[in-house]
>>> print(open('upload_20.cif').read())   # mmCIF, C-alpha atoms
data_structure
#
loop_
_atom_site.label_atom_id
_atom_site.label_comp_id
_atom_site.auth_asym_id
_atom_site.auth_seq_id
_atom_site.Cartn_x
_atom_site.Cartn_y
_atom_site.Cartn_z
CA MET P 1 236.78 8.66 -65.25
CA GLY P 2 238.93 6.32 -63.18
CA ALA P 3 238.44 5.36 -59.57
CA GLY P 4 239.11 8.13 -57.10
CA THR P 5 238.24 10.97 -59.43
CA VAL P 6 235.44 13.49 -59.11
CA GLN P 7 233.83 15.39 -61.93
CA PRO P 8 233.78 19.09 -61.11
CA ASP P 9 230.63 20.85 -62.26
CA ALA P 10 230.60 24.10 -64.20
CA ASP P 11 230.76 26.27 -61.08
CA ASP P 12 233.63 24.17 -59.66
CA ARG P 13 235.51 24.76 -62.90
CA ARG P 14 234.91 28.50 -62.69
CA LEU P 15 236.12 28.43 -59.09
CA ILE P 16 239.27 26.50 -60.09
CA MET P 17 239.97 28.97 -62.88
CA ALA P 18 239.46 31.91 -60.53
CA THR P 19 241.86 30.52 -57.89
CA GLN P 20 244.59 28.75 -59.87
CA GLY P 21 246.61 31.97 -59.93
CA GLY P 22 246.12 32.44 -56.18
CA LEU P 23 243.62 33.53 -53.55
CA PRO P 24 242.63 37.20 -53.28
CA LEU P 25 244.70 38.97 -50.62
CA VAL P 26 241.74 40.62 -48.93
CA PRO P 27 240.23 40.00 -45.49
CA ARG P 28 237.32 37.95 -46.86
CA PRO P 29 238.85 36.17 -49.87
CA TYR P 30 236.09 33.59 -50.30
CA HIS P 31 233.46 36.33 -50.27
CA ALA P 32 235.47 38.21 -52.89
CA LEU P 33 235.57 35.10 -55.07
CA ALA P 34 231.85 34.55 -54.53
CA GLU P 35 231.10 38.06 -55.68
CA GLN P 36 233.36 37.71 -58.71
CA LEU P 37 231.67 34.44 -59.71
CA GLY P 38 228.09 35.35 -58.81
CA LEU P 39 227.90 32.58 -56.20
CA GLY P 40 227.17 32.63 -52.48
CA ALA P 41 230.15 32.75 -50.11
CA GLU P 42 228.84 29.67 -48.29
CA ASP P 43 228.65 27.87 -51.64
CA VAL P 44 232.24 28.82 -52.50
CA MET P 45 233.50 27.57 -49.13
CA ALA P 46 231.48 24.35 -49.39
CA ARG P 47 232.84 23.70 -52.88
CA LEU P 48 236.45 24.29 -51.80
CA THR P 49 235.96 21.99 -48.81
CA ARG P 50 234.54 19.29 -51.06
CA LEU P 51 237.38 19.66 -53.61
CA LEU P 52 239.89 19.47 -50.74
CA ASP P 53 238.24 16.35 -49.28
CA ALA P 54 238.21 14.74 -52.74
CA GLY P 55 241.90 15.52 -53.24
CA VAL P 56 241.25 17.72 -56.29
CA ILE P 57 242.84 20.39 -54.09
CA ARG P 58 245.91 18.89 -52.46
CA ARG P 59 246.27 21.74 -49.99
CA ILE P 60 245.70 25.48 -49.66
CA GLY P 61 248.59 27.72 -48.76
CA ALA P 62 251.93 29.16 -49.72
CA VAL P 63 254.09 27.71 -52.51
CA PRO P 64 257.66 28.81 -51.83
CA ASN P 65 260.32 29.37 -54.43
CA HIS P 66 263.05 26.90 -53.41
CA TYR P 67 265.84 29.19 -54.51
CA ALA P 68 264.52 32.17 -52.56
CA LEU P 69 264.53 30.07 -49.37
CA GLY P 70 268.14 29.11 -49.96
CA TYR P 71 267.44 25.65 -51.37
CA THR P 72 269.76 26.12 -54.28
CA ALA P 73 270.57 22.41 -54.63
CA ASN P 74 267.50 20.61 -55.91
CA GLY P 75 268.28 17.11 -57.01
CA MET P 76 266.13 14.59 -58.80
CA SER P 77 267.72 11.34 -57.66
CA VAL P 78 266.90 8.42 -59.93
CA TRP P 79 267.48 4.75 -59.20
CA ASP P 80 267.40 1.46 -61.07
CA VAL P 81 265.81 -1.04 -58.71
CA PRO P 82 264.18 -4.43 -59.44
CA ASP P 83 260.52 -4.09 -60.46
CA GLU P 84 259.58 -6.96 -58.11
CA CYS P 85 260.44 -4.96 -54.99
CA ILE P 86 260.00 -1.36 -56.15
CA ASP P 87 256.82 -0.80 -54.12
CA LYS P 88 258.46 -1.84 -50.86
CA LEU P 89 261.57 0.25 -51.63
CA GLY P 90 259.55 3.24 -52.83
CA GLU P 91 257.56 3.33 -49.59
CA GLN P 92 260.80 3.21 -47.58
CA VAL P 93 262.50 5.97 -49.59
CA GLY P 94 259.32 8.08 -49.45
CA ARG P 95 259.40 7.93 -45.66
CA LEU P 96 262.85 9.56 -45.46
CA PRO P 97 262.28 13.03 -43.99
CA PHE P 98 264.19 14.91 -46.70
CA VAL P 99 262.42 13.30 -49.68
CA SER P 100 259.65 15.58 -50.97
CA HIS P 101 258.35 13.44 -53.84
CA CYS P 102 258.86 9.75 -54.56
CA TYR P 103 257.47 7.94 -57.60
CA HIS P 104 257.71 4.82 -59.72
CA ARG P 105 258.15 5.92 -63.35
CA PRO P 106 259.00 4.00 -66.54
CA ARG P 107 262.49 3.27 -67.83
CA HIS P 108 263.56 4.27 -71.35
CA LEU P 109 266.14 1.64 -72.22
CA PRO P 110 268.93 1.70 -73.14
CA HIS P 111 269.49 5.36 -72.26
CA TRP P 112 267.42 5.60 -69.11
CA PRO P 113 267.52 2.56 -66.80
CA TYR P 114 265.99 4.33 -63.77
CA ASN P 115 262.52 3.51 -62.46
CA LEU P 116 262.47 5.08 -58.96
CA PHE P 117 262.50 8.88 -58.66
CA ALA P 118 263.09 10.71 -55.34
CA MET P 119 263.34 14.50 -55.13
CA VAL P 120 265.71 15.93 -52.53
CA HIS P 121 266.43 19.54 -51.65
CA GLY P 122 269.35 21.11 -49.84
CA LYS P 123 271.12 24.38 -49.27
CA SER P 124 274.26 22.96 -50.85
CA ARG P 125 275.26 20.11 -53.15
CA GLU P 126 277.08 18.55 -50.21
CA GLU P 127 273.83 18.39 -48.26
CA VAL P 128 272.06 16.76 -51.21
CA GLU P 129 274.94 14.32 -51.69
CA THR P 130 274.66 13.27 -48.04
CA GLN P 131 270.92 12.69 -48.53
CA VAL P 132 271.52 10.71 -51.72
CA GLN P 133 274.05 8.57 -49.85
CA ARG P 134 271.42 7.81 -47.22
CA ILE P 135 269.06 6.63 -49.97
CA ALA P 136 271.89 4.53 -51.44
CA ASP P 137 272.52 2.98 -48.00
CA LEU P 138 268.83 2.19 -47.59
CA LEU P 139 268.55 0.59 -51.03
CA GLY P 140 271.81 -1.32 -50.64
CA GLY P 141 272.29 -4.00 -53.29
CA ASP P 142 268.80 -3.38 -54.69
CA SER P 143 270.14 -0.26 -56.41
CA ARG P 144 271.89 -1.33 -59.60
CA ALA P 145 272.64 2.23 -60.77
CA HIS P 146 271.69 5.76 -59.84
CA ASP P 147 272.18 9.36 -60.88
CA VAL P 148 271.29 12.81 -59.53
CA LEU P 149 269.96 15.46 -61.91
CA TYR P 150 270.34 18.90 -60.37
CA SER P 151 268.06 21.67 -61.53
CA SER P 152 270.14 24.61 -62.65
CA ARG P 153 267.34 26.97 -63.70
CA ILE P 154 263.58 27.35 -63.29
CA LEU P 155 262.34 27.87 -66.85
CA LYS P 156 258.67 28.05 -65.86
CA LYS P 157 256.64 27.55 -62.70
CA THR P 158 253.01 28.50 -62.98
CA GLY P 159 251.25 25.39 -61.68
CA LEU P 160 248.09 24.07 -63.24
CA ARG P 161 246.26 26.29 -65.70
CA ILE P 162 242.97 25.05 -67.05
CA GLY P 163 241.40 26.85 -69.95
CA GLY P 164 238.20 28.85 -70.12
CA MET U 1 263.16 37.75 -44.86
CA ASP U 2 262.83 38.41 -41.16
CA GLU U 3 261.65 36.04 -38.42
CA ILE U 4 257.98 36.82 -39.03
CA ASP U 5 258.32 36.11 -42.76
CA ARG U 6 259.97 32.82 -41.88
CA ALA U 7 257.19 31.91 -39.47
CA ILE U 8 254.58 32.72 -42.15
CA VAL U 9 256.28 30.58 -44.80
CA ASN U 10 256.74 27.70 -42.36
CA ALA U 11 253.20 27.81 -40.99
CA LEU U 12 251.23 28.42 -44.16
CA GLN U 13 252.41 25.77 -46.62
CA GLY U 14 249.09 24.04 -46.11
CA ASP U 15 245.97 24.03 -43.94
CA PHE U 16 245.00 27.60 -44.79
CA PRO U 17 241.49 27.80 -43.32
CA ILE U 18 238.25 27.87 -45.26
CA CYS U 19 236.15 30.30 -43.25
CA ASP U 20 234.84 33.87 -43.45
CA GLU U 21 238.10 35.50 -42.34
CA PRO U 22 240.90 33.00 -42.96
CA TYR U 23 243.72 35.56 -42.87
CA ARG U 24 242.53 36.74 -39.46
CA GLU U 25 242.46 33.15 -38.18
CA ALA U 26 245.93 32.37 -39.59
CA ALA U 27 247.33 35.68 -38.31
CA GLU U 28 246.05 35.02 -34.78
CA LYS U 29 247.95 31.72 -34.68
CA LEU U 30 251.08 33.59 -35.75
CA GLY U 31 250.51 36.35 -33.21
CA ILE U 32 250.30 39.13 -35.79
CA ALA U 33 247.52 41.34 -37.13
CA GLU U 34 245.45 40.28 -40.12
CA ALA U 35 246.51 43.34 -42.12
CA GLU U 36 250.15 42.59 -41.45
CA LEU U 37 249.79 39.00 -42.68
CA ILE U 38 248.06 40.15 -45.88
CA ALA U 39 250.71 42.81 -46.49
CA ARG U 40 253.56 40.39 -45.88
CA LEU U 41 252.07 37.73 -48.17
CA GLY U 42 251.74 40.37 -50.86
CA ARG U 43 255.37 41.33 -50.44
CA LEU U 44 256.61 37.71 -50.37
CA LEU U 45 254.76 37.13 -53.66
CA GLU U 46 256.09 40.38 -55.12
CA GLU U 47 259.65 39.46 -54.17
CA LYS U 48 259.05 35.94 -55.56
CA THR U 49 259.89 34.26 -52.26
CA LEU U 50 256.50 32.65 -52.84
CA THR U 51 255.51 31.60 -56.33
CA ARG U 52 251.83 31.42 -55.37
CA PHE U 53 249.41 31.59 -52.48
CA GLY U 54 246.24 29.56 -52.82
CA PRO U 55 244.93 26.10 -53.61
CA MET U 56 247.24 23.52 -55.19
CA PHE U 57 245.27 21.35 -57.58
CA GLN U 58 245.70 17.70 -58.42
CA VAL U 59 244.35 17.48 -61.91
CA GLU U 60 244.32 13.65 -61.97
CA ARG U 61 241.62 13.70 -59.31
CA MET U 62 239.25 15.44 -61.68
CA GLY U 63 239.86 13.13 -64.61
CA GLY U 64 242.83 15.02 -66.02
CA ALA U 65 246.43 14.05 -66.50
CA PHE U 66 249.73 15.24 -65.09
CA VAL U 67 252.81 13.84 -66.79
CA LEU U 68 256.54 14.42 -66.37
CA ALA U 69 258.38 14.68 -69.69
CA ALA U 70 261.92 15.40 -70.83
CA LEU U 71 263.83 16.52 -73.88
CA ALA U 72 267.48 16.24 -74.90
CA VAL U 73 268.01 19.76 -76.24
CA PRO U 74 271.14 20.75 -78.19
CA GLU U 75 272.83 23.56 -76.25
CA ALA U 76 272.73 25.97 -79.20
CA ASP U 77 268.92 25.61 -79.43
CA TYR U 78 268.22 25.72 -75.71
CA GLU U 79 266.61 29.17 -75.46
CA ARG U 80 264.47 28.67 -78.55
CA VAL U 81 263.20 25.30 -77.33
CA ALA U 82 262.55 26.64 -73.80
CA ALA U 83 260.42 29.42 -75.27
CA GLN U 84 258.52 26.96 -77.49
CA VAL U 85 257.84 24.56 -74.61
CA ASN U 86 256.94 27.30 -72.12
CA ALA U 87 254.48 28.82 -74.60
CA LEU U 88 252.12 25.87 -74.11
CA PRO U 89 249.59 26.53 -71.34
CA GLU U 90 249.69 22.78 -70.60
CA VAL U 91 253.29 23.15 -69.34
CA ALA U 92 252.87 23.71 -65.60
CA HIS U 93 256.56 23.90 -64.79
CA ASN U 94 259.83 23.41 -66.55
CA TYR U 95 263.35 22.98 -65.18
CA ARG U 96 266.76 22.87 -66.72
CA ARG U 97 268.66 19.88 -65.37
CA GLU U 98 272.22 18.76 -65.89
CA HIS U 99 272.04 15.58 -67.95
CA ALA U 100 271.78 14.57 -71.61
CA LEU U 101 268.04 14.92 -70.92
CA ASN U 102 268.43 18.58 -69.99
CA MET U 103 264.87 19.93 -70.03
CA TRP U 104 262.28 18.43 -67.66
CA PHE U 105 258.73 19.71 -67.63
CA VAL U 106 255.31 18.72 -66.40
CA LEU U 107 252.28 18.65 -68.67
CA ALA U 108 248.95 19.12 -66.90
CA THR U 109 245.77 18.72 -68.91
CA GLU U 110 242.12 18.47 -68.04
CA ALA U 111 241.58 15.41 -70.21
CA PRO U 112 244.10 12.57 -70.77
CA GLU U 113 243.88 13.10 -74.55
CA GLY U 114 245.29 16.57 -74.03
CA ILE U 115 248.69 15.09 -73.20
CA GLN U 116 249.16 13.46 -76.60
CA ASP U 117 248.03 16.65 -78.27
CA ALA U 118 250.55 18.75 -76.31
CA ILE U 119 253.36 16.26 -77.02
CA GLY U 120 252.54 16.38 -80.72
CA ARG U 121 252.75 20.17 -80.71
CA ILE U 122 256.07 20.14 -78.82
CA GLU U 123 257.59 17.55 -81.16
CA ARG U 124 256.45 19.44 -84.25
CA SER U 125 257.62 22.85 -83.06
CA THR U 126 260.97 21.73 -81.61
CA GLY U 127 261.79 18.81 -83.91
CA LEU U 128 262.83 16.81 -80.82
CA ALA U 129 261.50 13.54 -79.38
CA VAL U 130 259.65 13.86 -76.06
CA TYR U 131 260.48 11.24 -73.42
CA LEU U 132 257.48 10.57 -71.19
CA PHE U 133 257.71 9.62 -67.55
CA PRO U 134 254.12 9.13 -66.39
CA LYS U 135 253.84 8.24 -62.74
CA LEU U 136 253.16 4.52 -62.35
CA LYS U 137 252.86 4.85 -58.60
CA GLU U 138 253.14 7.69 -56.09
CA TYR U 139 254.81 6.71 -52.82
CA PHE U 140 255.05 10.10 -51.15
CA VAL U 141 254.41 13.76 -51.93
CA GLU U 142 254.76 16.56 -49.44
CA MET U 143 256.59 19.57 -50.66
CA LYS U 144 257.17 21.62 -47.55
CA LEU U 145 260.39 23.56 -47.16
CA ALA U 146 261.65 25.06 -43.91
CA ALA U 147 262.37 28.77 -44.36
#
>>> encode(input="upload_20.cif", output="structure tokens")
Amino acid sequence: MGAGTVQPDADDRRLIMATQGGLPLVPRPYHALAEQLGLGAEDVMARLTRLLDAGVIRRIGAVPNHYALGYTANGMSVWDVPDECIDKLGEQVGRLPFVSHCYHRPRHLPHWPYNLFAMVHGKSREEVETQVQRIADLLGGDSRAHDVLYSSRILKKTGLRIGG
Amino acid sequence: MDEIDRAIVNALQGDFPICDEPYREAAEKLGIAEAELIARLGRLLEEKTLTRFGPMFQVERMGGAFVLAALAVPEADYERVAAQVNALPEVAHNYRREHALNMWFVLATEAPEGIQDAIGRIERSTGLAVYLFPKLKEYFVEMKLAA
């Protein structure tokens, strides 16, 4: 257990397993879960609130399919920037309004020189290219090389599945 | 998708309430009836406009691991390898991308050891080397798309 982690108890785990596919679409979904799990509804709501506060649940809501919303151009832009200033640059890139995820990840030399990953989404490749150019402008000479890997097919998208 | 669908997708990508009647509360903010919201969410899921409606978990926060990985798959073997990779429950999502590394997937496991185990199974079944891209630092994550 590292810092910032919480250990879910057995009932938390059962609650996670019961909701990882989605919430029941009924007027009282937390009561329905409570009944299914043999817990009290107040207990279910308190557990979800605690998991949300702890960050085990990032958020509760709708997960859209990018393609269905017209975001057919989904680019993983990857950048080779100096390790000494990656944190400063990563924070700046992450603040751009069109960047949905921004991470420092390892290089795999010699084939993969990129250490900064920024996901961008657009309704056309042109839109994504404009966004990538804005990242390039922001990074300036600190970007030694970059590439954009477009997703051309969703092969699987189920989200987390923990076992029984 | 009509205007109400759009409003639902835009408003409900987070902050869904935890209370006795959350759909009623969310529907009131949208100016529609609870039953209509539930019916529309069901349809948006059915039509695959939404892939899911519910909590999004961060497995690292409960001691687990979440790792991006990639494979360079020969074109002729692509469908076979996709099926082999997707068969693992640890694979949370998987995308085809245009690059020599043409298959990018995320492994999510409840215990960090589970990652090595899953990689071993993928390498044995596909005969390909898995490139791992664990996150060294997260600068920003907020996946919200305007409908």
>>> interface_residues(input="upload_20.cif", of="chain P", to="chain U", cutoff="7 Å", atoms="all atoms listed in the file", output="PyMOL selection string")
chain P and resi 1+4-8+19-23+25+27-28+30+45+55-65+68-69+90-91+94+100-106+149-162
>>> write_last_selection(input="upload_20.cif", atoms="C-alpha atoms", output="mmCIF file, keeping the file's coordinate frame")
data_model
loop_
_atom_site.group_PDB
_atom_site.id
_atom_site.type_symbol
_atom_site.label_atom_id
_atom_site.label_comp_id
_atom_site.auth_asym_id
_atom_site.auth_seq_id
_atom_site.Cartn_x
_atom_site.Cartn_y
_atom_site.Cartn_z
ATOM 1 C CA MET P 1 236.780 8.660 -65.250
ATOM 2 C CA GLY P 4 239.110 8.130 -57.100
ATOM 3 C CA THR P 5 238.240 10.970 -59.430
ATOM 4 C CA VAL P 6 235.440 13.490 -59.110
ATOM 5 C CA GLN P 7 233.830 15.390 -61.930
ATOM 6 C CA PRO P 8 233.780 19.090 -61.110
ATOM 7 C CA THR P 19 241.860 30.520 -57.890
ATOM 8 C CA GLN P 20 244.590 28.750 -59.870
ATOM 9 C CA GLY P 21 246.610 31.970 -59.930
ATOM 10 C CA GLY P 22 246.120 32.440 -56.180
ATOM 11 C CA LEU P 23 243.620 33.530 -53.550
ATOM 12 C CA LEU P 25 244.700 38.970 -50.620
ATOM 13 C CA PRO P 27 240.230 40.000 -45.490
ATOM 14 C CA ARG P 28 237.320 37.950 -46.860
ATOM 15 C CA TYR P 30 236.090 33.590 -50.300
ATOM 16 C CA MET P 45 233.500 27.570 -49.130
ATOM 17 C CA GLY P 55 241.900 15.520 -53.240
ATOM 18 C CA VAL P 56 241.250 17.720 -56.290
ATOM 19 C CA ILE P 57 242.840 20.390 -54.090
ATOM 20 C CA ARG P 58 245.910 18.890 -52.460
ATOM 21 C CA ARG P 59 246.270 21.740 -49.990
ATOM 22 C CA ILE P 60 245.700 25.480 -49.660
ATOM 23 C CA GLY P 61 248.590 27.720 -48.760
ATOM 24 C CA ALA P 62 251.930 29.160 -49.720
ATOM 25 C CA VAL P 63 254.090 27.710 -52.510
ATOM 26 C CA PRO P 64 257.660 28.810 -51.830
ATOM 27 C CA ASN P 65 260.320 29.370 -54.430
ATOM 28 C CA ALA P 68 264.520 32.170 -52.560
ATOM 29 C CA LEU P 69 264.530 30.070 -49.370
ATOM 30 C CA GLY P 90 259.550 3.240 -52.830
ATOM 31 C CA GLU P 91 257.560 3.330 -49.590
ATOM 32 C CA GLY P 94 259.320 8.080 -49.450
ATOM 33 C CA SER P 100 259.650 15.580 -50.970
ATOM 34 C CA HIS P 101 258.350 13.440 -53.840
ATOM 35 C CA CYS P 102 258.860 9.750 -54.560
ATOM 36 C CA TYR P 103 257.470 7.940 -57.600
ATOM 37 C CA HIS P 104 257.710 4.820 -59.720
ATOM 38 C CA ARG P 105 258.150 5.920 -63.350
ATOM 39 C CA PRO P 106 259.000 4.000 -66.540
ATOM 40 C CA LEU P 149 269.960 15.460 -61.910
ATOM 41 C CA TYR P 150 270.340 18.900 -60.370
ATOM 42 C CA SER P 151 268.060 21.670 -61.530
ATOM 43 C CA SER P 152 270.140 24.610 -62.650
ATOM 44 C CA ARG P 153 267.340 26.970 -63.700
ATOM 45 C CA ILE P 154 263.580 27.350 -63.290
ATOM 46 C CA LEU P 155 262.340 27.870 -66.850
ATOM 47 C CA LYS P 156 258.670 28.050 -65.860
ATOM 48 C CA LYS P 157 256.640 27.550 -62.700
ATOM 49 C CA THR P 158 253.010 28.500 -62.980
ATOM 50 C CA GLY P 159 251.250 25.390 -61.680
ATOM 51 C CA LEU P 160 248.090 24.070 -63.240
ATOM 52 C CA ARG P 161 246.260 26.290 -65.700
ATOM 53 C CA ILE P 162 242.970 25.050 -67.050
#
>>> residues_around(input="upload_20.cif", residues="Glu123 (chain U)", least_positions_apart="5", cutoff="12 Å", atoms="all atoms listed in the file", output="VMD selection string")
chain U and resid 69 to 73 81 84 to 85 116 to 118 128 to 131
>>> resolve_selection(input="upload_20.cif", expression="the PyMOL selection byres ((chain P and resi 129-135) around 8)", output="list in words")
Ser77, Val93, Phe98, Val120, Arg125, Glu126, Glu127, Val128, Ala136, Asp137, Leu138 and Leu139 of chain P
>>> atom_distance(input="upload_20.cif", atom1="CA of Ile4 (chain U)", atom2="CA of His66 (chain P)")
18.2 Å
>>> axis_aligned_box(input="upload_20.cif", around="region 4-19 of chain U", padding_each_side="6 Å", output="AutoDock Vina command-line options")
--center_x 248.1 --center_y 30.4 --center_z -42.8 --size_x 35.8 --size_y 24.8 --size_z 19.6
>>> residues_near_point(input="upload_20.cif", point="(232.9, 37.1, -60.2)", cutoff="12 Å", atoms="only C-alpha atoms", output="tab-separated table (two decimals) with C-alpha atoms, keeping the file's coordinate frame")
chain	number	residue	atom	x	y	z
P	11	ASP	CA	230.76	26.27	-61.08
P	14	ARG	CA	234.91	28.50	-62.69
P	15	LEU	CA	236.12	28.43	-59.09
P	17	MET	CA	239.97	28.97	-62.88
P	18	ALA	CA	239.46	31.91	-60.53
P	19	THR	CA	241.86	30.52	-57.89
P	24	PRO	CA	242.63	37.20	-53.28
P	29	PRO	CA	238.85	36.17	-49.87
P	30	TYR	CA	236.09	33.59	-50.30
P	31	HIS	CA	233.46	36.33	-50.27
P	32	ALA	CA	235.47	38.21	-52.89
P	33	LEU	CA	235.57	35.10	-55.07
P	34	ALA	CA	231.85	34.55	-54.53
P	35	GLU	CA	231.10	38.06	-55.68
P	36	GLN	CA	233.36	37.71	-58.71
P	37	LEU	CA	231.67	34.44	-59.71
P	38	GLY	CA	228.09	35.35	-58.81
P	39	LEU	CA	227.90	32.58	-56.20
P	40	GLY	CA	227.17	32.63	-52.48
P	41	ALA	CA	230.15	32.75	-50.11
P	44	VAL	CA	232.24	28.82	-52.50
>>> atom_distance(input="upload_20.cif", atom1="CA of Leu116 (chain P)", atom2="CA of Leu52 (chain P)")
28.0 Å
>>> atom_distance(input="upload_20.cif", atom1="CA of Lys29 (chain U)", atom2="CA of Leu96 (chain P)")
28.8 Å
>>> resolve_selection(input="upload_20.cif", expression="the PyMOL selection byres ((chain P and resi 113) around 10)", output="tab-separated table (two decimals) with C-alpha atoms, keeping the file's coordinate frame")
chain	number	residue	atom	x	y	z
P	78	VAL	CA	266.90	8.42	-59.93
P	79	TRP	CA	267.48	4.75	-59.20
P	80	ASP	CA	267.40	1.46	-61.07
P	81	VAL	CA	265.81	-1.04	-58.71
P	106	PRO	CA	259.00	4.00	-66.54
P	107	ARG	CA	262.49	3.27	-67.83
P	108	HIS	CA	263.56	4.27	-71.35
P	109	LEU	CA	266.14	1.64	-72.22
P	110	PRO	CA	268.93	1.70	-73.14
P	111	HIS	CA	269.49	5.36	-72.26
P	112	TRP	CA	267.42	5.60	-69.11
P	114	TYR	CA	265.99	4.33	-63.77
P	115	ASN	CA	262.52	3.51	-62.46
P	116	LEU	CA	262.47	5.08	-58.96
P	144	ARG	CA	271.89	-1.33	-59.60
P	145	ALA	CA	272.64	2.23	-60.77
P	146	HIS	CA	271.69	5.76	-59.84
>>> closest_residue(input="upload_20.cif", among="P:Asp83, P:Asp43, P:Asp53, P:Asp12", to="Ser143 (chain P)", atoms="only C-alpha atoms")
P:Asp83
>>> build_atoms(input="upload_20.cif", residues="region 39-51 of chain P", atoms="N, CA, C and O atoms", output="compact mmCIF listing (two decimals), keeping the file's coordinate frame")
# COMPACT_ATOMS: atom_id res chain seq x y z
N LEU P 39 228.33 33.69 -57.05
CA LEU P 39 227.90 32.58 -56.20
C LEU P 39 227.78 33.09 -54.77
O LEU P 39 228.23 34.19 -54.46
N GLY P 40 227.19 32.27 -53.88
CA GLY P 40 227.17 32.63 -52.48
C GLY P 40 228.50 32.28 -51.82
O GLY P 40 229.16 31.33 -52.24
N ALA P 41 228.89 33.04 -50.80
CA ALA P 41 230.15 32.75 -50.11
C ALA P 41 230.12 31.37 -49.47
O ALA P 41 231.12 30.64 -49.48
N GLU P 42 228.96 30.99 -48.91
CA GLU P 42 228.84 29.67 -48.29
C GLU P 42 229.05 28.58 -49.34
O GLU P 42 229.66 27.54 -49.09
N ASP P 43 228.52 28.83 -50.54
CA ASP P 43 228.65 27.87 -51.64
C ASP P 43 230.13 27.73 -52.02
O ASP P 43 230.64 26.62 -52.19
N VAL P 44 230.82 28.86 -52.14
CA VAL P 44 232.24 28.82 -52.50
C VAL P 44 233.02 28.02 -51.46
O VAL P 44 233.83 27.14 -51.79
N MET P 45 232.76 28.28 -50.20
CA MET P 45 233.50 27.57 -49.13
C MET P 45 233.15 26.09 -49.12
O MET P 45 234.02 25.24 -48.92
N ALA P 46 231.88 25.76 -49.36
CA ALA P 46 231.48 24.35 -49.39
C ALA P 46 232.13 23.63 -50.56
O ALA P 46 232.59 22.50 -50.44
N ARG P 47 232.20 24.32 -51.70
CA ARG P 47 232.84 23.70 -52.88
C ARG P 47 234.32 23.45 -52.64
O ARG P 47 234.86 22.40 -52.97
N LEU P 48 235.01 24.45 -52.07
CA LEU P 48 236.45 24.29 -51.80
C LEU P 48 236.68 23.15 -50.81
O LEU P 48 237.61 22.36 -50.96
N THR P 49 235.82 23.06 -49.79
CA THR P 49 235.96 21.99 -48.81
C THR P 49 235.78 20.63 -49.48
O THR P 49 236.54 19.69 -49.24
N ARG P 50 234.80 20.55 -50.37
CA ARG P 50 234.54 19.29 -51.06
C ARG P 50 235.71 18.93 -51.98
O ARG P 50 236.16 17.79 -52.03
N LEU P 51 236.24 19.92 -52.70
CA LEU P 51 237.38 19.66 -53.61
C LEU P 51 238.62 19.24 -52.81
O LEU P 51 239.41 18.40 -53.24
